[in-house]
file coords.pdb (PDB, N, CA and C atoms)
ATOM      1  N   MET A   1      30.143 -14.095  -7.675
ATOM      2  CA  MET A   1      29.714 -15.441  -7.309
ATOM      3  C   MET A   1      30.319 -16.483  -8.241
ATOM      4  N   GLY A   2      31.198 -16.055  -9.129
ATOM      5  CA  GLY A   2      31.861 -17.003 -10.009
ATOM      6  C   GLY A   2      31.021 -17.494 -11.162
ATOM      7  N   LEU A   3      29.994 -16.765 -11.540
ATOM      8  CA  LEU A   3      29.135 -17.183 -12.642
ATOM      9  C   LEU A   3      29.693 -16.712 -13.982
ATOM     10  N   THR A   4      29.415 -17.485 -15.022
ATOM     11  CA  THR A   4      29.787 -17.087 -16.371
ATOM     12  C   THR A   4      28.564 -16.467 -17.044
ATOM     13  N   LEU A   5      28.783 -15.775 -18.154
ATOM     14  CA  LEU A   5      27.659 -15.177 -18.885
ATOM     15  C   LEU A   5      26.669 -16.234 -19.360
ATOM     16  N   GLU A   6      27.132 -17.426 -19.626
ATOM     17  CA  GLU A   6      26.254 -18.508 -20.060
ATOM     18  C   GLU A   6      25.314 -18.967 -18.943
ATOM     19  N   GLN A   7      25.678 -18.690 -17.714
ATOM     20  CA  GLN A   7      24.867 -19.104 -16.573
ATOM     21  C   GLN A   7      23.870 -18.037 -16.136
ATOM     22  N   ILE A   8      23.920 -16.874 -16.762
ATOM     23  CA  ILE A   8      23.046 -15.764 -16.386
ATOM     24  C   ILE A   8      22.034 -15.524 -17.497
ATOM     25  N   THR A   9      20.759 -15.468 -17.125
ATOM     26  CA  THR A   9      19.697 -15.212 -18.083
ATOM     27  C   THR A   9      18.948 -13.949 -17.679
ATOM     28  N   PRO A  10      19.216 -12.815 -18.349
ATOM     29  CA  PRO A  10      18.468 -11.608 -18.016
ATOM     30  C   PRO A  10      17.037 -11.733 -18.534
ATOM     31  N   VAL A  11      16.083 -11.323 -17.714
ATOM     32  CA  VAL A  11      14.678 -11.436 -18.070
ATOM     33  C   VAL A  11      13.976 -10.143 -17.696
ATOM     34  N   LYS A  12      13.178  -9.636 -18.605
ATOM     35  CA  LYS A  12      12.279  -8.524 -18.299
ATOM     36  C   LYS A  12      10.878  -9.093 -18.443
ATOM     37  N   ALA A  13      10.152  -9.181 -17.328
ATOM     38  CA  ALA A  13       8.845  -9.830 -17.355
ATOM     39  C   ALA A  13       7.933  -9.236 -16.296
ATOM     40  N   ASP A  14       6.661  -9.503 -16.424
ATOM     41  CA  ASP A  14       5.677  -9.118 -15.414
ATOM     42  C   ASP A  14       5.916  -9.986 -14.185
ATOM     43  N   ALA A  15       6.274  -9.376 -13.091
ATOM     44  CA  ALA A  15       6.623 -10.124 -11.872
ATOM     45  C   ALA A  15       5.440 -10.844 -11.255
ATOM     46  N   THR A  16       4.234 -10.560 -11.722
ATOM     47  CA  THR A  16       3.053 -11.249 -11.189
ATOM     48  C   THR A  16       2.610 -12.401 -12.078
ATOM     49  N   ALA A  17       3.263 -12.576 -13.227
ATOM     50  CA  ALA A  17       2.892 -13.660 -14.140
ATOM     51  C   ALA A  17       4.140 -14.161 -14.853
ATOM     52  N   LEU A  18       5.071 -14.717 -14.105
ATOM     53  CA  LEU A  18       6.335 -15.169 -14.684
ATOM     54  C   LEU A  18       6.133 -16.424 -15.528
ATOM     55  N   PRO A  19       6.724 -16.450 -16.722
ATOM     56  CA  PRO A  19       6.502 -17.553 -17.668
ATOM     57  C   PRO A  19       7.530 -18.682 -17.572
ATOM     58  N   PHE A  20       7.764 -19.189 -16.365
ATOM     59  CA  PHE A  20       8.796 -20.207 -16.187
ATOM     60  C   PHE A  20       8.237 -21.411 -15.449
ATOM     61  N   GLU A  21       8.951 -22.527 -15.568
ATOM     62  CA  GLU A  21       8.574 -23.718 -14.801
ATOM     63  C   GLU A  21       9.046 -23.559 -13.366
ATOM     64  N   ARG A  22       8.401 -24.273 -12.472
ATOM     65  CA  ARG A  22       8.781 -24.233 -11.052
ATOM     66  C   ARG A  22      10.240 -24.641 -10.894
ATOM     67  N   GLU A  23      10.910 -24.038  -9.909
ATOM     68  CA  GLU A  23      12.303 -24.318  -9.579
ATOM     69  C   GLU A  23      13.233 -24.191 -10.789
ATOM     70  N   SER A  24      13.060 -23.129 -11.553
ATOM     71  CA  SER A  24      13.891 -22.887 -12.732
ATOM     72  C   SER A  24      15.210 -22.194 -12.413
ATOM     73  N   PHE A  25      15.281 -21.482 -11.276
ATOM     74  CA  PHE A  25      16.431 -20.620 -11.029
ATOM     75  C   PHE A  25      17.119 -20.909  -9.700
ATOM     76  N   ASP A  26      18.448 -20.776  -9.720
ATOM     77  CA  ASP A  26      19.236 -20.839  -8.491
ATOM     78  C   ASP A  26      19.185 -19.499  -7.766
ATOM     79  N   VAL A  27      19.112 -18.422  -8.546
ATOM     80  CA  VAL A  27      19.113 -17.059  -8.002
ATOM     81  C   VAL A  27      18.154 -16.205  -8.822
ATOM     82  N   VAL A  28      17.401 -15.368  -8.143
ATOM     83  CA  VAL A  28      16.584 -14.352  -8.804
ATOM     84  C   VAL A  28      17.050 -13.002  -8.279
ATOM     85  N   VAL A  29      17.381 -12.107  -9.201
ATOM     86  CA  VAL A  29      17.770 -10.748  -8.837
ATOM     87  C   VAL A  29      16.689  -9.816  -9.376
ATOM     88  N   SER A  30      16.054  -9.109  -8.486
ATOM     89  CA  SER A  30      14.997  -8.174  -8.851
ATOM     90  C   SER A  30      15.539  -6.760  -8.682
ATOM     91  N   THR A  31      15.614  -6.031  -9.787
ATOM     92  CA  THR A  31      16.160  -4.687  -9.755
ATOM     93  C   THR A  31      15.062  -3.665  -9.985
ATOM     94  N   ASP A  32      14.887  -2.785  -9.019
ATOM     95  CA  ASP A  32      13.932  -1.681  -9.122
ATOM     96  C   ASP A  32      12.507  -2.149  -9.421
ATOM     97  N   SER A  33      12.086  -3.239  -8.802
ATOM     98  CA  SER A  33      10.697  -3.667  -8.984
ATOM     99  C   SER A  33      10.019  -4.019  -7.667
ATOM    100  N   TYR A  34      10.779  -4.102  -6.598
ATOM    101  CA  TYR A  34      10.220  -4.486  -5.300
ATOM    102  C   TYR A  34       9.032  -3.617  -4.921
ATOM    103  N   ASN A  35       9.124  -2.314  -5.165
ATOM    104  CA  ASN A  35       8.039  -1.431  -4.765
ATOM    105  C   ASN A  35       6.753  -1.679  -5.550
ATOM    106  N   TYR A  36       6.803  -2.426  -6.644
ATOM    107  CA  TYR A  36       5.594  -2.736  -7.399
ATOM    108  C   TYR A  36       4.869  -3.962  -6.843
ATOM    109  N   TRP A  37       5.604  -4.873  -6.214
ATOM    110  CA  TRP A  37       4.958  -6.097  -5.735
ATOM    111  C   TRP A  37       5.017  -6.293  -4.237
ATOM    112  N   ASP A  38       5.679  -5.439  -3.494
ATOM    113  CA  ASP A  38       5.864  -5.681  -2.061
ATOM    114  C   ASP A  38       4.604  -5.506  -1.233
ATOM    115  N   ARG A  39       3.588  -4.831  -1.741
ATOM    116  CA  ARG A  39       2.361  -4.619  -0.964
ATOM    117  C   ARG A  39       1.465  -5.852  -0.917
ATOM    118  N   ASP A  40       1.732  -6.826  -1.750
ATOM    119  CA  ASP A  40       0.945  -8.063  -1.751
ATOM    120  C   ASP A  40       1.611  -9.043  -0.789
ATOM    121  N   PRO A  41       1.002  -9.293   0.383
ATOM    122  CA  PRO A  41       1.646 -10.153   1.381
ATOM    123  C   PRO A  41       1.810 -11.602   0.930
ATOM    124  N   GLU A  42       1.116 -11.996  -0.124
ATOM    125  CA  GLU A  42       1.212 -13.379  -0.607
ATOM    126  C   GLU A  42       2.115 -13.515  -1.827
ATOM    127  N   TYR A  43       2.598 -12.402  -2.351
ATOM    128  CA  TYR A  43       3.376 -12.445  -3.589
ATOM    129  C   TYR A  43       4.595 -13.349  -3.496
ATOM    130  N   LEU A  44       5.417 -13.139  -2.495
ATOM    131  CA  LEU A  44       6.677 -13.870  -2.404
ATOM    132  C   LEU A  44       6.455 -15.378  -2.399
ATOM    133  N   ASP A  45       5.575 -15.852  -1.521
ATOM    134  CA  ASP A  45       5.323 -17.294  -1.429
ATOM    135  C   ASP A  45       4.606 -17.850  -2.657
ATOM    136  N   ALA A  46       3.656 -17.091  -3.198
ATOM    137  CA  ALA A  46       2.821 -17.614  -4.277
ATOM    138  C   ALA A  46       3.365 -17.371  -5.675
ATOM    139  N   LYS A  47       4.068 -16.252  -5.875
ATOM    140  CA  LYS A  47       4.415 -15.865  -7.242
ATOM    141  C   LYS A  47       5.902 -15.830  -7.558
ATOM    142  N   LEU A  48       6.779 -15.817  -6.554
ATOM    143  CA  LEU A  48       8.206 -15.759  -6.860
ATOM    144  C   LEU A  48       8.967 -16.982  -6.358
ATOM    145  N   LEU A  49       8.776 -17.341  -5.103
ATOM    146  CA  LEU A  49       9.512 -18.489  -4.546
ATOM    147  C   LEU A  49       9.323 -19.792  -5.327
ATOM    148  N   PRO A  50       8.164 -20.060  -5.922
ATOM    149  CA  PRO A  50       8.041 -21.312  -6.680
ATOM    150  C   PRO A  50       9.054 -21.463  -7.818
ATOM    151  N   PHE A  51       9.607 -20.359  -8.305
ATOM    152  CA  PHE A  51      10.554 -20.430  -9.415
ATOM    153  C   PHE A  51      12.003 -20.577  -8.966
ATOM    154  N   VAL A  52      12.250 -20.464  -7.665
ATOM    155  CA  VAL A  52      13.603 -20.562  -7.122
ATOM    156  C   VAL A  52      13.827 -21.971  -6.573
ATOM    157  N   LYS A  53      14.951 -22.564  -6.978
ATOM    158  CA  LYS A  53      15.284 -23.902  -6.500
ATOM    159  C   LYS A  53      15.498 -23.894  -4.992
ATOM    160  N   ARG A  54      15.229 -25.015  -4.350
ATOM    161  CA  ARG A  54      15.461 -25.136  -2.907
ATOM    162  C   ARG A  54      16.919 -24.793  -2.616
ATOM    163  N   GLY A  55      17.134 -23.936  -1.631
ATOM    164  CA  GLY A  55      18.482 -23.494  -1.298
ATOM    165  C   GLY A  55      18.950 -22.321  -2.138
ATOM    166  N   GLY A  56      18.070 -21.815  -3.033
ATOM    167  CA  GLY A  56      18.437 -20.695  -3.897
ATOM    168  C   GLY A  56      18.312 -19.365  -3.179
ATOM    169  N   TYR A  57      18.529 -18.302  -3.915
ATOM    170  CA  TYR A  57      18.556 -16.961  -3.342
ATOM    171  C   TYR A  57      17.642 -16.021  -4.115
ATOM    172  N   ILE A  58      17.142 -15.026  -3.410
ATOM    173  CA  ILE A  58      16.444 -13.902  -4.028
ATOM    174  C   ILE A  58      17.140 -12.636  -3.547
ATOM    175  N   TYR A  59      17.570 -11.835  -4.499
ATOM    176  CA  TYR A  59      18.158 -10.529  -4.191
ATOM    177  C   TYR A  59      17.223  -9.463  -4.746
ATOM    178  N   ALA A  60      16.769  -8.561  -3.898
ATOM    179  CA  ALA A  60      15.899  -7.468  -4.331
ATOM    180  C   ALA A  60      16.651  -6.158  -4.156
ATOM    181  N   CYS A  61      16.902  -5.484  -5.259
ATOM    182  CA  CYS A  61      17.613  -4.204  -5.244
ATOM    183  C   CYS A  61      16.582  -3.087  -5.395
ATOM    184  N   VAL A  62      16.645  -2.144  -4.501
ATOM    185  CA  VAL A  62      15.702  -1.027  -4.565
ATOM    186  C   VAL A  62      16.466   0.286  -4.507
ATOM    187  N   PRO A  63      15.941   1.328  -5.162
ATOM    188  CA  PRO A  63      16.588   2.620  -5.051
ATOM    189  C   PRO A  63      16.425   3.165  -3.641
ATOM    190  N   GLY A  64      17.288   4.055  -3.269
ATOM    191  CA  GLY A  64      17.208   4.655  -1.944
ATOM    192  C   GLY A  64      17.653   6.101  -1.972
ATOM    193  N   LEU A  65      17.414   6.773  -0.889
ATOM    194  CA  LEU A  65      17.797   8.172  -0.760
ATOM    195  C   LEU A  65      18.825   8.338   0.339
ATOM    196  N   LYS A  66      19.789   9.207   0.123
ATOM    197  CA  LYS A  66      20.781   9.487   1.158
ATOM    198  C   LYS A  66      20.205  10.379   2.239
ATOM    199  N   LYS A  67      19.267  11.258   1.864
ATOM    200  CA  LYS A  67      18.611  12.099   2.861
ATOM    201  C   LYS A  67      17.146  12.275   2.455
ATOM    202  N   ASP A  68      16.310  12.494   3.426
ATOM    203  CA  ASP A  68      14.889  12.647   3.191
ATOM    204  C   ASP A  68      14.606  14.007   2.551
ATOM    205  N   CYS A  69      13.862  14.000   1.461
ATOM    206  CA  CYS A  69      13.505  15.249   0.786
ATOM    207  C   CYS A  69      12.007  15.318   0.527
ATOM    208  N   HIS A  70      11.230  14.521   1.258
ATOM    209  CA  HIS A  70       9.806  14.398   0.970
ATOM    210  C   HIS A  70       8.995  15.653   1.267
ATOM    211  N   ASP A  71       9.502  16.533   2.085
ATOM    212  CA  ASP A  71       8.795  17.789   2.327
ATOM    213  C   ASP A  71       8.962  18.756   1.158
ATOM    214  N   HIS A  72      10.026  18.563   0.368
ATOM    215  CA  HIS A  72      10.312  19.422  -0.788
ATOM    216  C   HIS A  72      10.869  18.542  -1.903
ATOM    217  N   LEU A  73       9.994  17.798  -2.590
ATOM    218  CA  LEU A  73      10.442  16.886  -3.642
ATOM    219  C   LEU A  73      11.020  17.661  -4.826
ATOM    220  N   PRO A  74      12.241  17.328  -5.232
ATOM    221  CA  PRO A  74      12.844  17.989  -6.394
ATOM    222  C   PRO A  74      12.056  17.678  -7.668
ATOM    223  N   LYS A  75      11.894  18.678  -8.513
ATOM    224  CA  LYS A  75      11.114  18.484  -9.746
ATOM    225  C   LYS A  75      11.728  17.397 -10.634
ATOM    226  N   GLU A  76      13.047  17.207 -10.541
ATOM    227  CA  GLU A  76      13.696  16.160 -11.357
ATOM    228  C   GLU A  76      13.195  14.773 -10.987
ATOM    229  N   LEU A  77      12.953  14.533  -9.700
ATOM    230  CA  LEU A  77      12.423  13.230  -9.287
ATOM    231  C   LEU A  77      11.009  13.028  -9.793
ATOM    232  N   LEU A  78      10.241  14.110  -9.878
ATOM    233  CA  LEU A  78       8.845  14.015 -10.290
ATOM    234  C   LEU A  78       8.680  13.812 -11.797
ATOM    235  N   LEU A  79       9.778  13.852 -12.545
ATOM    236  CA  LEU A  79       9.717  13.540 -13.974
ATOM    237  C   LEU A  79       9.479  12.048 -14.205
ATOM    238  N   SER A  80       9.950  11.223 -13.281
ATOM    239  CA  SER A  80       9.845   9.766 -13.444
ATOM    240  C   SER A  80       9.014   9.091 -12.366
ATOM    241  N   TRP A  81       8.774   9.758 -11.255
ATOM    242  CA  TRP A  81       8.105   9.158 -10.108
ATOM    243  C   TRP A  81       6.927  10.029  -9.678
ATOM    244  N   THR A  82       5.894   9.410  -9.144
ATOM    245  CA  THR A  82       4.818  10.162  -8.528
ATOM    246  C   THR A  82       5.165  10.340  -7.046
ATOM    247  N   PRO A  83       4.564  11.302  -6.363
ATOM    248  CA  PRO A  83       4.814  11.434  -4.926
ATOM    249  C   PRO A  83       4.502  10.144  -4.158
ATOM    250  N   GLU A  84       3.460   9.419  -4.577
ATOM    251  CA  GLU A  84       3.136   8.152  -3.900
ATOM    252  C   GLU A  84       4.261   7.135  -4.076
ATOM    253  N   GLN A  85       4.815   7.027  -5.283
ATOM    254  CA  GLN A  85       5.919   6.102  -5.512
ATOM    255  C   GLN A  85       7.141   6.509  -4.701
ATOM    256  N   LEU A  86       7.397   7.785  -4.596
ATOM    257  CA  LEU A  86       8.546   8.259  -3.827
ATOM    258  C   LEU A  86       8.390   8.005  -2.339
ATOM    259  N   ALA A  87       7.156   7.836  -1.877
ATOM    260  CA  ALA A  87       6.937   7.523  -0.461
ATOM    261  C   ALA A  87       7.579   6.184  -0.097
ATOM    262  N   TYR A  88       7.704   5.269  -1.066
ATOM    263  CA  TYR A  88       8.382   3.991  -0.815
ATOM    264  C   TYR A  88       9.838   4.200  -0.442
ATOM    265  N   LEU A  89      10.413   5.285  -0.942
ATOM    266  CA  LEU A  89      11.846   5.526  -0.774
ATOM    267  C   LEU A  89      12.173   6.383   0.423
ATOM    268  N   GLN A  90      11.189   6.679   1.219
ATOM    269  CA  GLN A  90      11.431   7.576   2.354
ATOM    270  C   GLN A  90      12.442   6.979   3.293
ATOM    271  N   LYS A  91      13.450   7.752   3.603
ATOM    272  CA  LYS A  91      14.522   7.304   4.489
ATOM    273  C   LYS A  91      14.008   7.247   5.931
ATOM    274  N   ASN A  92      14.229   6.128   6.581
ATOM    275  CA  ASN A  92      13.873   5.982   7.988
ATOM    276  C   ASN A  92      15.151   5.993   8.807
ATOM    277  N   ASN A  93      15.187   6.772   9.836
ATOM    278  CA  ASN A  93      16.371   6.835  10.700
ATOM    279  C   ASN A  93      16.206   5.915  11.884
TER     280      ASN A  93
END

call {"tool": "encode", "arguments": {"input": "coords.pdb", "output": "structure tokens"}}
result
Amino acid sequence: MGLTLEQITPVKADATALPFERESFDVVVSTDSYNYWDRDPEYLDAKLLPFVKRGGYIYACVPGLKKDCHDHLPKELLLSWTPEQLAYLQKNN
């Protein structure tokens, strides 16, 4: 997008209590956190969009699976994820 490092501010924060003023960002990139806040139907309008400038963008990156393995979850996945969390990643055809 032609941005310089000076224009990018990496932030690690609680997505339900962001410590910024309204309309602080042109773009918000959420990496591997969508599954933590997507169940709240009011989250986007109430807790994230207020920080994005009018005409700005939100990019949400989520992990995915190439094939469904939910009937036989590999033990390696269960080192970092619970079966409930992995249900978010279920591949739909």

call {"tool": "closest_residue", "arguments": {"input": "coords.pdb", "among": "A:Leu73, A:Ala15, A:Val52, A:Leu86", "to": "A:Ser33", "atoms": "only C-alpha atoms"}}
result
A:Ala15

call {"tool": "select_by_dssp", "arguments": {"input": "coords.pdb", "residues": "stretch 2-77 of chain A", "states": "strand (DSSP E)", "output": "tab-separated table (two decimals) with N, CA and C atoms, in the frame of the given file"}}
result
chain	number	residue	atom	x	y	z
A	25	PHE	N	15.28	-21.48	-11.28
A	25	PHE	CA	16.43	-20.62	-11.03
A	25	PHE	C	17.12	-20.91	-9.70
A	26	ASP	N	18.45	-20.78	-9.72
A	26	ASP	CA	19.24	-20.84	-8.49
A	26	ASP	C	19.18	-19.50	-7.77
A	27	VAL	N	19.11	-18.42	-8.55
A	27	VAL	CA	19.11	-17.06	-8.00
A	27	VAL	C	18.15	-16.20	-8.82
A	28	VAL	N	17.40	-15.37	-8.14
A	28	VAL	CA	16.58	-14.35	-8.80
A	28	VAL	C	17.05	-13.00	-8.28
A	29	VAL	N	17.38	-12.11	-9.20
A	29	VAL	CA	17.77	-10.75	-8.84
A	29	VAL	C	16.69	-9.82	-9.38
A	30	SER	N	16.05	-9.11	-8.49
A	30	SER	CA	15.00	-8.17	-8.85
A	30	SER	C	15.54	-6.76	-8.68
A	31	THR	N	15.61	-6.03	-9.79
A	31	THR	CA	16.16	-4.69	-9.76
A	31	THR	C	15.06	-3.66	-9.98
A	52	VAL	N	12.25	-20.46	-7.66
A	52	VAL	CA	13.60	-20.56	-7.12
A	52	VAL	C	13.83	-21.97	-6.57
A	53	LYS	N	14.95	-22.56	-6.98
A	53	LYS	CA	15.28	-23.90	-6.50
A	53	LYS	C	15.50	-23.89	-4.99
A	54	ARG	N	15.23	-25.02	-4.35
A	54	ARG	CA	15.46	-25.14	-2.91
A	54	ARG	C	16.92	-24.79	-2.62
A	55	GLY	N	17.13	-23.94	-1.63
A	55	GLY	CA	18.48	-23.49	-1.30
A	55	GLY	C	18.95	-22.32	-2.14
A	56	GLY	N	18.07	-21.82	-3.03
A	56	GLY	CA	18.44	-20.70	-3.90
A	56	GLY	C	18.31	-19.36	-3.18
A	57	TYR	N	18.53	-18.30	-3.92
A	57	TYR	CA	18.56	-16.96	-3.34
A	57	TYR	C	17.64	-16.02	-4.12
A	58	ILE	N	17.14	-15.03	-3.41
A	58	ILE	CA	16.44	-13.90	-4.03
A	58	ILE	C	17.14	-12.64	-3.55
A	59	TYR	N	17.57	-11.84	-4.50
A	59	TYR	CA	18.16	-10.53	-4.19
A	59	TYR	C	17.22	-9.46	-4.75
A	60	ALA	N	16.77	-8.56	-3.90
A	60	ALA	CA	15.90	-7.47	-4.33
A	60	ALA	C	16.65	-6.16	-4.16
A	61	CYS	N	16.90	-5.48	-5.26
A	61	CYS	CA	17.61	-4.20	-5.24
A	61	CYS	C	16.58	-3.09	-5.40

call {"tool": "residues_around", "arguments": {"input": "coords.pdb", "residues": "A:Arg22", "least_positions_apart": "5", "cutoff": "7 Å", "atoms": "all atoms listed in the file", "output": "PyMOL selection string"}}
result
chain A and resi 50-53

call {"tool": "resolve_selection", "arguments": {"input": "coords.pdb", "expression": "the PyMOL selection byres ((chain A and resi 29) around 7)", "output": "number ranges by chain"}}
result
A: 27-28, 30-31, 57-61

call {"tool": "atom_distance", "arguments": {"input": "coords.pdb", "atom1": "atom N of A:Tyr36", "atom2": "atom C of A:Gly64"}}
result
14.6 Å

call {"tool": "atom_distance", "arguments": {"input": "coords.pdb", "atom1": "atom C of A:Glu23", "atom2": "atom N of A:Gly55"}}
result
10.0 Å

call {"tool": "closest_residue", "arguments": {"input": "coords.pdb", "among": "A:His70, A:Tyr88, A:Thr4, A:Asp14", "to": "A:Asp38", "atoms": "only C-alpha atoms"}}
result
A:Tyr88

call {"tool": "closest_residue", "arguments": {"input": "coords.pdb", "among": "A:Arg54, A:Ala87, A:Lys75, A:Trp81", "to": "A:Phe25", "atoms": "all atoms listed in the file"}}
result
A:Arg54

call {"tool": "atom_distance", "arguments": {"input": "coords.pdb", "atom1": "atom CA of A:Tyr34", "atom2": "atom N of A:Cys69"}}
result
20.0 Å

call {"tool": "closest_residue", "arguments": {"input": "coords.pdb", "among": "A:Leu48, A:Asp68, A:Gly56, A:Thr82", "to": "A:Asp26", "atoms": "all atoms listed in the file"}}
result
A:Gly56

call {"tool": "select_by_dssp", "arguments": {"input": "coords.pdb", "residues": "chain A", "states": "helix (DSSP H, G or I)", "output": "list of chain:residue names"}}
result
A:Leu5, A:Glu6, A:Gln7, A:Tyr34, A:Asn35, A:Tyr36, A:Trp37, A:Tyr43, A:Leu44, A:Asp45, A:Ala46, A:Lys47, A:Leu48, A:Leu49, A:Pro50, A:Phe51, A:Leu77, A:Leu78, A:Leu79, A:Pro83, A:Glu84, A:Gln85, A:Leu86, A:Ala87

call {"tool": "axis_aligned_box", "arguments": {"input": "coords.pdb", "around": "stretch 46-61 of chain A", "padding_each_side": "8 Å", "output": "lines of an AutoDock Vina configuration file"}}
result
center_x = 10.9
center_y = -14.1
center_z = -5.4
size_x = 32.1
size_y = 38.0
size_z = 24.1

call {"tool": "build_atoms", "arguments": {"input": "coords.pdb", "residues": "stretch 58-65 of chain A", "atoms": "all heavy atoms", "output": "mmCIF file, in the coordinates of the input"}}
result
data_model
loop_
_atom_site.group_PDB
_atom_site.id
_atom_site.type_symbol
_atom_site.label_atom_id
_atom_site.label_comp_id
_atom_site.auth_asym_id
_atom_site.auth_seq_id
_atom_site.Cartn_x
_atom_site.Cartn_y
_atom_site.Cartn_z
ATOM 1 N N ILE A 58 17.142 -15.026 -3.410
ATOM 2 C CA ILE A 58 16.444 -13.902 -4.028
ATOM 3 C C ILE A 58 17.140 -12.636 -3.547
ATOM 4 O O ILE A 58 17.304 -12.427 -2.346
ATOM 5 C CB ILE A 58 14.953 -13.857 -3.639
ATOM 6 C CG1 ILE A 58 14.230 -15.081 -4.197
ATOM 7 C CG2 ILE A 58 14.314 -12.565 -4.142
ATOM 8 C CD1 ILE A 58 12.782 -15.167 -3.780
ATOM 9 N N TYR A 59 17.570 -11.835 -4.499
ATOM 10 C CA TYR A 59 18.158 -10.529 -4.191
ATOM 11 C C TYR A 59 17.223 -9.463 -4.746
ATOM 12 O O TYR A 59 16.902 -9.479 -5.928
ATOM 13 C CB TYR A 59 19.546 -10.370 -4.837
ATOM 14 C CG TYR A 59 20.577 -11.315 -4.302
ATOM 15 C CD1 TYR A 59 20.966 -12.436 -5.014
ATOM 16 C CD2 TYR A 59 21.172 -11.076 -3.068
ATOM 17 C CE1 TYR A 59 21.927 -13.310 -4.518
ATOM 18 C CE2 TYR A 59 22.137 -11.938 -2.562
ATOM 19 C CZ TYR A 59 22.497 -13.051 -3.294
ATOM 20 O OH TYR A 59 23.446 -13.905 -2.799
ATOM 21 N N ALA A 60 16.769 -8.561 -3.898
ATOM 22 C CA ALA A 60 15.899 -7.468 -4.331
ATOM 23 C C ALA A 60 16.651 -6.158 -4.156
ATOM 24 O O ALA A 60 17.011 -5.783 -3.041
ATOM 25 C CB ALA A 60 14.609 -7.466 -3.536
ATOM 26 N N CYS A 61 16.902 -5.484 -5.259
ATOM 27 C CA CYS A 61 17.613 -4.204 -5.244
ATOM 28 C C CYS A 61 16.582 -3.087 -5.395
ATOM 29 O O CYS A 61 15.758 -3.129 -6.305
ATOM 30 C CB CYS A 61 18.586 -4.126 -6.411
ATOM 31 S SG CYS A 61 19.722 -5.515 -6.494
ATOM 32 N N VAL A 62 16.645 -2.144 -4.501
ATOM 33 C CA VAL A 62 15.702 -1.027 -4.565
ATOM 34 C C VAL A 62 16.466 0.286 -4.507
ATOM 35 O O VAL A 62 17.525 0.373 -3.896
ATOM 36 C CB VAL A 62 14.669 -1.075 -3.421
ATOM 37 C CG1 VAL A 62 13.791 -2.299 -3.541
ATOM 38 C CG2 VAL A 62 15.342 -1.052 -2.067
ATOM 39 N N PRO A 63 15.941 1.328 -5.162
ATOM 40 C CA PRO A 63 16.588 2.620 -5.051
ATOM 41 C C PRO A 63 16.425 3.165 -3.641
ATOM 42 O O PRO A 63 15.519 2.772 -2.911
ATOM 43 C CB PRO A 63 15.847 3.489 -6.072
ATOM 44 C CG PRO A 63 14.557 2.795 -6.300
ATOM 45 C CD PRO A 63 14.760 1.355 -5.996
ATOM 46 N N GLY A 64 17.288 4.055 -3.269
ATOM 47 C CA GLY A 64 17.208 4.655 -1.944
ATOM 48 C C GLY A 64 17.653 6.101 -1.972
ATOM 49 O O GLY A 64 18.175 6.588 -2.964
ATOM 50 N N LEU A 65 17.414 6.773 -0.889
ATOM 51 C CA LEU A 65 17.797 8.172 -0.760
ATOM 52 C C LEU A 65 18.825 8.338 0.339
ATOM 53 O O LEU A 65 18.733 7.684 1.373
ATOM 54 C CB LEU A 65 16.566 9.022 -0.421
ATOM 55 C CG LEU A 65 15.433 9.011 -1.448
ATOM 56 C CD1 LEU A 65 14.222 9.753 -0.896
ATOM 57 C CD2 LEU A 65 15.886 9.638 -2.752
#
